[in-house]
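To be precise, the following lines are final_9.cif, and they hold mmCIF, C-alpha atoms.
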```
data_model
loop_
_atom_site.group_PDB
_atom_site.id
_atom_site.type_symbol
_atom_site.label_atom_id
_atom_site.label_comp_id
_atom_site.auth_asym_id
_atom_site.auth_seq_id
_atom_site.Cartn_x
_atom_site.Cartn_y
_atom_site.Cartn_z
ATOM 1 C CA MET A 5 115.785 201.125 -97.550
ATOM 2 C CA THR A 6 118.840 200.843 -95.368
ATOM 3 C CA ASP A 7 119.197 198.803 -92.197
ATOM 4 C CA SER A 8 119.599 201.759 -89.909
ATOM 5 C CA ASN A 9 120.044 200.579 -86.341
ATOM 6 C CA SER A 10 123.683 200.677 -85.307
ATOM 7 C CA LYS A 11 122.803 200.101 -81.651
ATOM 8 C CA GLN A 12 120.532 197.426 -80.236
ATOM 9 C CA THR A 13 117.517 198.795 -78.411
ATOM 10 C CA PRO A 14 115.999 196.566 -75.691
ATOM 11 C CA TYR A 15 113.013 196.443 -78.052
ATOM 12 C CA GLN A 16 114.972 195.479 -81.177
ATOM 13 C CA ALA A 17 112.881 192.379 -81.884
ATOM 14 C CA GLN A 18 109.653 194.373 -81.673
ATOM 15 C CA LEU A 19 111.090 197.119 -83.889
ATOM 16 C CA GLU A 20 112.163 194.681 -86.594
ATOM 17 C CA LEU A 21 108.789 192.934 -86.533
ATOM 18 C CA ALA A 22 106.942 196.254 -86.762
ATOM 19 C CA LYS A 23 109.008 197.337 -89.769
ATOM 20 C CA SER A 24 108.492 194.026 -91.566
ATOM 21 C CA ALA A 25 104.763 194.096 -90.902
ATOM 22 C CA ALA A 26 104.435 197.723 -92.031
ATOM 23 C CA LEU A 27 106.240 197.040 -95.312
ATOM 24 C CA LYS A 28 104.080 193.960 -95.964
ATOM 25 C CA ALA A 29 100.974 196.020 -95.228
ATOM 26 C CA GLY A 30 102.187 198.662 -97.658
ATOM 27 C CA GLU A 31 102.390 196.099 -100.462
ATOM 28 C CA ILE A 32 98.749 195.177 -99.899
ATOM 29 C CA ILE A 33 97.605 198.806 -99.780
ATOM 30 C CA ARG A 34 99.409 199.699 -103.006
ATOM 31 C CA SER A 35 97.779 196.761 -104.772
ATOM 32 C CA TYR A 36 94.372 198.467 -104.505
ATOM 33 C CA ASN A 37 95.268 201.852 -105.852
ATOM 34 C CA SER A 38 95.836 203.665 -109.084
ATOM 35 C CA VAL A 39 95.408 207.343 -109.943
ATOM 36 C CA GLY A 40 91.948 208.794 -109.316
ATOM 37 C CA ARG A 41 89.130 207.785 -107.008
ATOM 38 C CA THR A 42 87.313 205.629 -109.565
ATOM 39 C CA ASN A 43 90.403 203.438 -109.934
ATOM 40 C CA ASN A 44 90.504 202.398 -106.266
ATOM 41 C CA SER A 45 89.330 198.779 -106.217
ATOM 42 C CA ALA A 46 88.683 198.514 -102.471
ATOM 43 C CA VAL A 47 85.093 197.876 -101.338
ATOM 44 C CA VAL A 48 84.013 200.722 -99.038
ATOM 45 C CA SER A 49 81.648 200.605 -96.062
ATOM 46 C CA VAL A 50 80.467 203.305 -93.662
ATOM 47 C CA LYS A 51 81.239 202.729 -89.970
ATOM 48 C CA SER A 52 79.314 205.800 -88.815
ATOM 49 C CA GLY A 53 78.558 209.218 -90.241
ATOM 50 C CA VAL A 54 81.424 210.029 -92.608
ATOM 51 C CA ASP A 55 83.820 207.495 -91.037
ATOM 52 C CA LEU A 56 84.787 204.881 -93.640
ATOM 53 C CA VAL A 57 86.316 201.408 -93.643
ATOM 54 C CA THR A 58 87.405 199.300 -96.616
ATOM 55 C CA GLU A 59 88.161 195.654 -97.252
ATOM 56 C CA ALA A 60 91.806 196.733 -97.449
ATOM 57 C CA ASP A 61 91.698 197.929 -93.808
ATOM 58 C CA THR A 62 90.505 194.565 -92.522
ATOM 59 C CA ARG A 63 92.806 192.579 -94.827
ATOM 60 C CA VAL A 64 95.873 194.561 -93.749
ATOM 61 C CA GLU A 65 94.978 194.343 -90.073
ATOM 62 C CA LYS A 66 94.559 190.580 -90.326
ATOM 63 C CA VAL A 67 98.000 190.166 -91.923
ATOM 64 C CA VAL A 68 99.730 192.448 -89.405
ATOM 65 C CA THR A 69 98.036 190.838 -86.411
ATOM 66 C CA GLU A 70 98.941 187.359 -87.584
ATOM 67 C CA MET A 71 102.590 188.394 -87.938
ATOM 68 C CA ILE A 72 102.558 189.802 -84.399
ATOM 69 C CA LYS A 73 100.845 186.721 -82.945
ATOM 70 C CA ASN A 74 103.358 184.404 -84.605
ATOM 71 C CA ALA A 75 106.313 186.356 -83.210
ATOM 72 C CA PHE A 76 104.872 187.368 -79.825
ATOM 73 C CA PRO A 77 102.013 184.978 -79.009
ATOM 74 C CA ASP A 78 101.601 186.188 -75.419
ATOM 75 C CA ASP A 79 101.216 189.876 -76.290
ATOM 76 C CA MET A 80 97.860 191.630 -76.545
ATOM 77 C CA ILE A 81 96.816 193.491 -79.677
ATOM 78 C CA VAL A 82 94.558 196.519 -80.000
ATOM 79 C CA GLY A 83 93.445 197.141 -83.578
ATOM 80 C CA GLU A 84 91.055 199.614 -85.143
ATOM 81 C CA GLU A 85 89.036 197.109 -87.133
ATOM 82 C CA ASP A 86 88.125 193.434 -86.536
ATOM 83 C CA TYR A 87 91.164 191.521 -85.339
ATOM 84 C CA ALA A 88 91.965 192.861 -81.866
ATOM 85 C CA SER A 89 92.897 190.346 -79.160
ATOM 86 C CA CYS A 90 92.536 192.828 -76.301
ATOM 87 C CA PRO A 91 89.048 193.843 -75.137
ATOM 88 C CA SER A 92 88.426 197.531 -75.772
ATOM 89 C CA GLY A 93 87.953 199.592 -72.658
ATOM 90 C CA ALA A 94 85.461 202.362 -72.037
ATOM 91 C CA GLN A 95 86.050 205.918 -73.252
ATOM 92 C CA GLY A 96 89.034 207.343 -71.355
ATOM 93 C CA GLU A 97 89.940 204.095 -69.590
ATOM 94 C CA HIS A 98 93.679 203.434 -69.130
ATOM 95 C CA PHE A 99 95.386 200.592 -70.986
ATOM 96 C CA PRO A 100 96.097 197.425 -68.996
ATOM 97 C CA LYS A 101 99.663 196.604 -67.954
ATOM 98 C CA GLY A 102 101.832 194.244 -69.938
ATOM 99 C CA SER A 103 102.938 194.105 -73.567
ATOM 100 C CA ILE A 104 100.393 195.509 -76.043
ATOM 101 C CA TRP A 105 100.519 196.264 -79.750
ATOM 102 C CA CYS A 106 98.479 199.093 -81.251
ATOM 103 C CA VAL A 107 97.698 198.695 -84.952
ATOM 104 C CA ASP A 108 96.029 201.048 -87.385
ATOM 105 C CA PRO A 109 96.077 199.198 -90.717
ATOM 106 C CA ILE A 110 95.210 202.261 -92.806
ATOM 107 C CA ASP A 111 95.272 205.577 -91.009
ATOM 108 C CA GLY A 112 93.641 207.957 -93.437
ATOM 109 C CA THR A 113 91.019 205.604 -94.889
ATOM 110 C CA THR A 114 89.052 208.446 -96.488
ATOM 111 C CA ASN A 115 92.270 209.598 -98.151
ATOM 112 C CA PHE A 116 92.852 206.038 -99.331
ATOM 113 C CA VAL A 117 89.366 205.841 -100.838
ATOM 114 C CA HIS A 118 90.026 209.069 -102.744
ATOM 115 C CA ASN A 119 93.591 208.060 -103.710
ATOM 116 C CA TYR A 120 94.937 211.011 -101.740
ATOM 117 C CA PRO A 121 98.469 209.981 -100.707
ATOM 118 C CA PHE A 122 98.404 210.853 -96.986
ATOM 119 C CA VAL A 123 97.855 207.238 -95.945
ATOM 120 C CA ALA A 124 99.878 205.382 -93.341
ATOM 121 C CA VAL A 125 100.255 202.043 -91.627
ATOM 122 C CA SER A 126 100.815 202.660 -87.915
ATOM 123 C CA ILE A 127 102.244 199.997 -85.591
ATOM 124 C CA GLY A 128 103.142 200.787 -81.994
ATOM 125 C CA PHE A 129 104.360 198.616 -79.140
ATOM 126 C CA ILE A 130 103.539 199.437 -75.508
ATOM 127 C CA HIS A 131 105.143 197.961 -72.421
ATOM 128 C CA ASP A 132 103.768 198.765 -68.974
ATOM 129 C CA SER A 133 101.494 201.497 -70.342
ATOM 130 C CA ILE A 134 104.274 203.416 -72.149
ATOM 131 C CA PRO A 135 104.787 203.351 -75.946
ATOM 132 C CA ARG A 136 108.284 201.980 -76.585
ATOM 133 C CA VAL A 137 108.375 201.299 -80.345
ATOM 134 C CA GLY A 138 106.774 203.199 -83.193
ATOM 135 C CA VAL A 139 106.723 202.527 -86.927
ATOM 136 C CA VAL A 140 104.719 204.538 -89.447
ATOM 137 C CA TYR A 141 104.899 203.704 -93.141
ATOM 138 C CA ASN A 142 103.390 205.611 -96.065
ATOM 139 C CA PRO A 143 103.334 203.143 -98.968
ATOM 140 C CA PHE A 144 102.671 205.813 -101.603
ATOM 141 C CA THR A 145 105.676 207.984 -100.751
ATOM 142 C CA ASP A 146 107.689 204.928 -99.608
ATOM 143 C CA SER A 147 108.479 206.715 -96.339
ATOM 144 C CA LEU A 148 109.348 204.518 -93.357
ATOM 145 C CA TYR A 149 109.509 206.311 -90.021
ATOM 146 C CA GLU A 150 110.857 204.309 -87.073
ATOM 147 C CA ALA A 151 111.899 204.824 -83.476
ATOM 148 C CA ALA A 152 112.486 202.713 -80.395
ATOM 149 C CA GLU A 153 113.245 203.623 -76.837
ATOM 150 C CA GLY A 154 116.898 203.064 -75.991
ATOM 151 C CA SER A 155 118.127 202.772 -79.575
ATOM 152 C CA GLY A 156 120.513 205.695 -79.232
ATOM 153 C CA VAL A 157 119.767 206.874 -82.768
ATOM 154 C CA GLY A 158 116.521 208.738 -82.237
ATOM 155 C CA THR A 159 113.914 208.752 -85.004
ATOM 156 C CA LEU A 160 114.797 207.646 -88.518
ATOM 157 C CA LEU A 161 113.181 208.330 -91.873
ATOM 158 C CA ASN A 162 114.291 205.753 -94.428
ATOM 159 C CA GLY A 163 117.393 205.177 -92.342
ATOM 160 C CA ASN A 164 118.323 208.827 -91.850
ATOM 161 C CA PRO A 165 118.076 210.648 -88.485
ATOM 162 C CA VAL A 166 115.373 213.334 -88.239
ATOM 163 C CA ARG A 167 114.382 215.881 -85.588
ATOM 164 C CA VAL A 168 111.380 218.026 -84.768
ATOM 165 C CA ASP A 169 111.294 221.628 -86.007
ATOM 166 C CA SER A 170 113.638 223.446 -83.631
ATOM 167 C CA GLU A 171 113.024 226.909 -85.061
ATOM 168 C CA ALA A 172 109.297 227.230 -84.405
ATOM 169 C CA SER A 173 108.582 228.679 -80.961
ATOM 170 C CA SER A 174 105.152 230.285 -81.407
ATOM 171 C CA VAL A 175 102.138 230.216 -83.697
ATOM 172 C CA GLN A 176 103.723 233.004 -85.738
ATOM 173 C CA ASP A 177 106.482 230.718 -87.040
ATOM 174 C CA CYS A 178 104.493 227.473 -86.921
ATOM 175 C CA LEU A 179 103.273 225.286 -89.759
ATOM 176 C CA LEU A 180 100.369 223.617 -87.959
ATOM 177 C CA VAL A 181 98.548 220.492 -89.067
ATOM 178 C CA ASN A 182 95.119 219.952 -87.522
ATOM 179 C CA ASN A 183 92.665 217.147 -88.208
ATOM 180 C CA ILE A 184 89.011 217.778 -87.383
ATOM 181 C CA GLY A 185 87.871 214.178 -87.781
ATOM 182 C CA HIS A 186 84.471 212.758 -88.651
ATOM 183 C CA TYR A 187 82.267 214.273 -85.915
ATOM 184 C CA ARG A 188 79.650 216.635 -87.359
ATOM 185 C CA ALA A 189 77.688 217.617 -84.245
ATOM 186 C CA ASP A 190 77.027 221.371 -84.247
ATOM 187 C CA GLU A 191 78.860 221.954 -80.966
ATOM 188 C CA PHE A 192 81.943 220.091 -82.179
ATOM 189 C CA VAL A 193 82.007 221.826 -85.563
ATOM 190 C CA ASP A 194 81.604 225.261 -83.957
ATOM 191 C CA GLU A 195 84.342 224.632 -81.396
ATOM 192 C CA SER A 196 86.707 223.228 -84.025
ATOM 193 C CA THR A 197 86.276 226.145 -86.423
ATOM 194 C CA ASP A 198 86.489 228.705 -83.610
ATOM 195 C CA ARG A 199 89.825 227.179 -82.606
ATOM 196 C CA VAL A 200 91.170 227.592 -86.137
ATOM 197 C CA LYS A 201 90.056 231.230 -86.094
ATOM 198 C CA LYS A 202 91.994 231.790 -82.869
ATOM 199 C CA TRP A 203 95.210 230.472 -84.413
ATOM 200 C CA LEU A 204 94.772 232.492 -87.594
ATOM 201 C CA ARG A 205 94.010 235.702 -85.686
ATOM 202 C CA ALA A 206 97.140 235.104 -83.582
ATOM 203 C CA GLY A 207 99.216 235.162 -86.772
ATOM 204 C CA LEU A 208 99.600 231.451 -87.549
ATOM 205 C CA ARG A 209 102.141 231.009 -90.347
ATOM 206 C CA GLY A 210 100.387 228.103 -92.048
ATOM 207 C CA TYR A 211 97.481 225.707 -91.556
ATOM 208 C CA ARG A 212 97.189 222.198 -93.014
ATOM 209 C CA ALA A 213 94.786 219.271 -92.580
ATOM 210 C CA SER A 214 96.074 215.937 -93.898
ATOM 211 C CA GLY A 215 93.450 213.477 -92.657
ATOM 212 C CA SER A 216 95.935 211.053 -91.083
ATOM 213 C CA ALA A 217 96.979 211.351 -87.444
ATOM 214 C CA ALA A 218 99.857 208.891 -87.833
ATOM 215 C CA GLN A 219 101.208 210.743 -90.864
ATOM 216 C CA ASN A 220 100.871 214.042 -88.997
ATOM 217 C CA MET A 221 102.949 212.777 -86.093
ATOM 218 C CA ALA A 222 105.548 211.357 -88.464
ATOM 219 C CA HIS A 223 105.741 214.738 -90.194
ATOM 220 C CA VAL A 224 106.192 216.439 -86.814
ATOM 221 C CA ALA A 225 108.978 213.995 -85.906
ATOM 222 C CA SER A 226 110.783 214.723 -89.167
ATOM 223 C CA GLY A 227 110.372 218.493 -88.884
ATOM 224 C CA GLN A 228 108.210 218.690 -91.993
ATOM 225 C CA VAL A 229 105.496 220.381 -89.962
ATOM 226 C CA SER A 230 106.009 222.246 -86.687
ATOM 227 C CA CYS A 231 103.039 221.035 -84.654
ATOM 228 C CA TYR A 232 100.051 218.703 -84.798
ATOM 229 C CA TYR A 233 96.827 219.343 -82.874
ATOM 230 C CA GLU A 234 93.681 217.266 -82.775
ATOM 231 C CA HIS A 235 90.785 217.158 -80.354
ATOM 232 C CA GLY A 236 89.054 213.858 -80.993
ATOM 233 C CA TYR A 237 91.517 211.547 -82.715
ATOM 234 C CA GLY A 238 89.929 208.202 -83.497
ATOM 235 C CA GLY A 239 91.597 205.990 -80.921
ATOM 236 C CA PRO A 240 94.926 204.937 -79.380
ATOM 237 C CA TRP A 241 96.019 203.227 -82.607
ATOM 238 C CA ASP A 242 96.143 206.681 -84.232
ATOM 239 C CA VAL A 243 98.824 208.038 -81.894
ATOM 240 C CA CYS A 244 100.683 205.155 -80.229
ATOM 241 C CA ALA A 245 103.477 204.818 -82.806
ATOM 242 C CA GLY A 246 103.624 208.566 -83.349
ATOM 243 C CA ILE A 247 104.242 209.227 -79.658
ATOM 244 C CA VAL A 248 107.507 207.295 -79.909
ATOM 245 C CA LEU A 249 108.507 208.984 -83.167
ATOM 246 C CA VAL A 250 108.000 212.501 -81.803
ATOM 247 C CA ARG A 251 109.498 211.805 -78.391
ATOM 248 C CA GLU A 252 112.645 210.189 -79.843
ATOM 249 C CA ALA A 253 112.970 213.109 -82.285
ATOM 250 C CA GLY A 254 113.223 215.581 -79.418
ATOM 251 C CA GLY A 255 109.606 216.694 -79.191
ATOM 252 C CA VAL A 256 106.746 216.443 -76.712
ATOM 253 C CA VAL A 257 103.346 214.813 -77.071
ATOM 254 C CA TRP A 258 100.862 216.378 -74.682
ATOM 255 C CA ASP A 259 97.195 215.948 -73.915
ATOM 256 C CA ALA A 260 95.566 218.980 -75.575
ATOM 257 C CA ARG A 261 93.108 219.161 -72.677
ATOM 258 C CA ASP A 262 95.907 219.596 -70.126
ATOM 259 C CA ASN A 263 98.804 221.827 -71.209
ATOM 260 C CA GLY A 264 102.066 220.284 -69.989
ATOM 261 C CA LYS A 265 100.788 216.754 -69.339
ATOM 262 C CA ASP A 266 102.143 213.872 -71.403
ATOM 263 C CA LEU A 267 99.516 212.064 -73.455
ATOM 264 C CA GLU A 268 98.623 208.761 -71.810
ATOM 265 C CA MET A 269 97.470 205.606 -73.531
ATOM 266 C CA ARG A 270 93.720 205.356 -73.039
ATOM 267 C CA PHE A 271 90.855 203.745 -74.892
ATOM 268 C CA GLY A 272 88.489 205.842 -76.975
ATOM 269 C CA LYS A 273 88.933 209.253 -78.516
ATOM 270 C CA GLY A 274 91.523 211.637 -77.191
ATOM 271 C CA SER A 275 93.191 215.001 -77.651
ATOM 272 C CA VAL A 276 96.777 215.549 -78.710
ATOM 273 C CA CYS A 277 99.277 218.315 -79.375
ATOM 274 C CA ALA A 278 102.738 217.295 -80.581
ATOM 275 C CA GLY A 279 105.861 219.194 -81.588
ATOM 276 C CA GLY A 280 108.745 221.083 -80.041
ATOM 277 C CA LYS A 281 107.989 222.101 -76.456
ATOM 278 C CA LYS A 282 107.843 225.870 -77.024
ATOM 279 C CA VAL A 283 105.571 225.787 -80.050
ATOM 280 C CA VAL A 284 103.253 223.244 -78.392
ATOM 281 C CA GLU A 285 102.923 225.523 -75.368
ATOM 282 C CA ASP A 286 101.935 228.473 -77.550
ATOM 283 C CA VAL A 287 99.565 226.522 -79.796
ATOM 284 C CA LEU A 288 97.716 225.257 -76.716
ATOM 285 C CA LYS A 289 97.715 228.671 -75.060
ATOM 286 C CA VAL A 290 96.083 230.276 -78.100
ATOM 287 C CA ALA A 291 93.619 227.416 -78.621
ATOM 288 C CA GLY A 292 92.389 227.289 -75.042
ATOM 289 C CA LYS A 293 91.095 224.154 -73.371
ATOM 290 C CA PRO A 294 88.677 222.135 -75.552
ATOM 291 C CA ALA A 295 85.225 221.796 -74.054
ATOM 292 C CA PHE A 296 83.540 219.184 -76.256
ATOM 293 C CA LYS A 297 83.334 215.803 -74.537
ATOM 294 C CA PHE A 298 83.173 212.469 -76.364
ATOM 295 C CA ASP A 299 80.838 209.674 -75.305
#
```

Show how you would write the structure in this file as structure tokens.
Amino acid sequence: MTDSNSKQTPYQAQLELAKSAALKAGEIIRSYNSVGRTNNSAVVSVKSGVDLVTEADTRVEKVVTEMIKNAFPDDMIVGEEDYASCPSGAQGEHFPKGSIWCVDPIDGTTNFVHNYPFVAVSIGFIHDSIPRVGVVYNPFTDSLYEAAEGSGVGTLLNGNPVRVDSEASSVQDCLLVNNIGHYRADEFVDESTDRVKKWLRAGLRGYRASGSAAQNMAHVASGQVSCYYEHGYGGPWDVCAGIVLVREAGGVVWDARDNGKDLEMRFGKGSVCAGGKKVVEDVLKVAGKPAFKFD
């Protein structure tokens, strides 16, 4: 992969650390996998319901967090698994001020368990409540997505500039990716499937569900899909890096519960719609405001 940054962002040190950590994490993830589910050597546990975690998740998070602590010992870290150094807040609570890293060691753990290649390491850096650096790496496709505020080069995929889909302006010309997540409560399932019906009846061009929020946002940033919608993403680590990728690629990242409002960094589950401004507006208009509330 090429060294792509021709201009120094104010967050250059954080960007370089995030890229190094993501690539190291990718080496560990690849070491567990071969072709076919039975050839995945990672030990799997159930967190709740159908939400899975593996020994690879915790091993990767430990390595990434140690790299961050060594380079930035005064920064806080929010991780999905066991190695966070920042106390988790209540559902919907705003992030504290200061410098915070958001780490998802394996976004798409169920995919990883099944050797389905939509798996990503997601590392984001926040300063004063705003995501400033985002790196998402898929070790199976060897795709490194990176962006940093103030870099002047926008979002890069393996060193090459990428942009959001500029042609999609409505659901009719939108390739939409939508994760439904691991909730299986009747009300949530009914609302989620009803929303899909609304998009399809409005003439949606294409519907996909990858199982990885970070990969979805990277695909939006690179124009590979037009829009990503999810009501109930797992936590801030799912979207922190992706917010920077999409924003620096010319797109918007809005709270799906409030059309036109930028997604804010909060603890707990959240709702997101990301893509070019026009297509996001139409996707949200057709979907309507989600009603299901998370505890």

Q: Select, from A:Glu171, A:Glu97, A:Asp79, A:Asp146, the residue with the minimum atom-to-atom distance to A:His131, counting all atoms listed in the file.
A: A:Asp79

Each residue of stretch 169-256 of chain A with at least one atom at most 10 Å from stretch 288-293 of chain A should appear once, together with its nearest atom pair and the corresponding distance in Å (one decimal); atoms considered: all atoms listed in the file; ordering: chain, then increasing residue number; output as CSV.
```
residue,atom,partner,partner_atom,distance
A:Ser174,CA,A:Val290,CA,9.7
A:Val175,CA,A:Val290,CA,8.2
A:Ser196,CA,A:Ala291,CA,9.7
A:Asp198,CA,A:Ala291,CA,8.8
A:Arg199,CA,A:Ala291,CA,5.5
A:Val200,CA,A:Ala291,CA,7.9
A:Lys201,CA,A:Ala291,CA,9.1
A:Lys202,CA,A:Ala291,CA,6.3
A:Trp203,CA,A:Val290,CA,6.4
A:Leu204,CA,A:Val290,CA,9.8
A:Arg205,CA,A:Val290,CA,9.6
A:Ala206,CA,A:Val290,CA,7.4
A:Tyr233,CA,A:Leu288,CA,8.6
A:His235,CA,A:Lys293,CA,9.9
```

Q: Tell me which of A:Ala245, A:Ile33, A:Val168, A:Ala218 sits closest to A:Trp105, counting only C-alpha atoms.
A: A:Ala245

**Q.** Distance in Å - atom CA of A:Ser155 versus atom CA of A:Gln12
**A.**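 Between atom CA of A:Ser155 and atom CA of A:Gln12 the gap works out to 5.9 Å.
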
Q | 10 Å contact set for A:Pro14, all atoms listed in the file, chain neighbours under 6 positions out, as a PyMOL selection string | A | chain A and resi 136+152-155

Q | Pick from A:Leu267, A:Phe122, A:Asp111, A:Asp177, whichever lies nearest to A:Gly238 using only C-alpha atoms | A |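 Nearest candidate to A:Gly238 out of A:Leu267, A:Phe122, A:Asp111, A:Asp177: A:Asp111.
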
Q: Could you check how far atom CA of A:Gly158 sits from atom CA of A:Phe129, in Å to one decimal?
A: 16.1 Å

Q) In Å, with one decimal, what is the gap from atom CA of A:Gly264 to atom CA of A:Pro240? A)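 We find that atom CA of A:Gly264 and atom CA of A:Pro240 lie 19.4 Å from each other.
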
Result set, the PyMOL selection byres ((chain A and resi 275-286) around 8) on current file, as an mmCIF file with C-alpha atoms, in the frame of the given file:
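As a result, result.cif now contains:
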```
data_model
loop_
_atom_site.group_PDB
_atom_site.id
_atom_site.type_symbol
_atom_site.label_atom_id
_atom_site.label_comp_id
_atom_site.auth_asym_id
_atom_site.auth_seq_id
_atom_site.Cartn_x
_atom_site.Cartn_y
_atom_site.Cartn_z
ATOM 1 C CA VAL A 168 111.380 218.026 -84.768
ATOM 2 C CA ASP A 169 111.294 221.628 -86.007
ATOM 3 C CA SER A 170 113.638 223.446 -83.631
ATOM 4 C CA ALA A 172 109.297 227.230 -84.405
ATOM 5 C CA SER A 173 108.582 228.679 -80.961
ATOM 6 C CA SER A 174 105.152 230.285 -81.407
ATOM 7 C CA VAL A 175 102.138 230.216 -83.697
ATOM 8 C CA CYS A 178 104.493 227.473 -86.921
ATOM 9 C CA MET A 221 102.949 212.777 -86.093
ATOM 10 C CA VAL A 224 106.192 216.439 -86.814
ATOM 11 C CA ALA A 225 108.978 213.995 -85.906
ATOM 12 C CA SER A 230 106.009 222.246 -86.687
ATOM 13 C CA CYS A 231 103.039 221.035 -84.654
ATOM 14 C CA TYR A 232 100.051 218.703 -84.798
ATOM 15 C CA TYR A 233 96.827 219.343 -82.874
ATOM 16 C CA GLU A 234 93.681 217.266 -82.775
ATOM 17 C CA HIS A 235 90.785 217.158 -80.354
ATOM 18 C CA GLY A 236 89.054 213.858 -80.993
ATOM 19 C CA TYR A 237 91.517 211.547 -82.715
ATOM 20 C CA VAL A 250 108.000 212.501 -81.803
ATOM 21 C CA GLY A 254 113.223 215.581 -79.418
ATOM 22 C CA GLY A 255 109.606 216.694 -79.191
ATOM 23 C CA VAL A 256 106.746 216.443 -76.712
ATOM 24 C CA VAL A 257 103.346 214.813 -77.071
ATOM 25 C CA TRP A 258 100.862 216.378 -74.682
ATOM 26 C CA ASP A 259 97.195 215.948 -73.915
ATOM 27 C CA ALA A 260 95.566 218.980 -75.575
ATOM 28 C CA ARG A 261 93.108 219.161 -72.677
ATOM 29 C CA ASN A 263 98.804 221.827 -71.209
ATOM 30 C CA GLY A 264 102.066 220.284 -69.989
ATOM 31 C CA LEU A 267 99.516 212.064 -73.455
ATOM 32 C CA LYS A 273 88.933 209.253 -78.516
ATOM 33 C CA GLY A 274 91.523 211.637 -77.191
ATOM 34 C CA VAL A 287 99.565 226.522 -79.796
ATOM 35 C CA LEU A 288 97.716 225.257 -76.716
ATOM 36 C CA LYS A 289 97.715 228.671 -75.060
ATOM 37 C CA VAL A 290 96.083 230.276 -78.100
#
```

Q | 12 Å contact set for A:Asn74, all atoms listed in the file, chain neighbours under 6 positions out, as a list in words | A |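 The filter keeps Leu21, Ala25, Val67 and Val68 of chain A.
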
(Q) Here is a test: counting all atoms listed in the file, which residue of A:Asp299, A:Glu31, A:Glu150, A:Asp242 is nearest to A:Leu19? (A)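 The answer is A:Glu150, which sits nearest to A:Leu19.
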
Draw an axis-aligned box tight on the listed atoms of stretch 147-158 of chain A, then pad every side by 4 Å and write out centre and edge lengths in Å to one decimal as JSON.
```
{"center_x": 114.5, "center_y": 205.7, "center_z": -86.2, "size_x": 20.0, "size_y": 14.0, "size_z": 28.3}
```
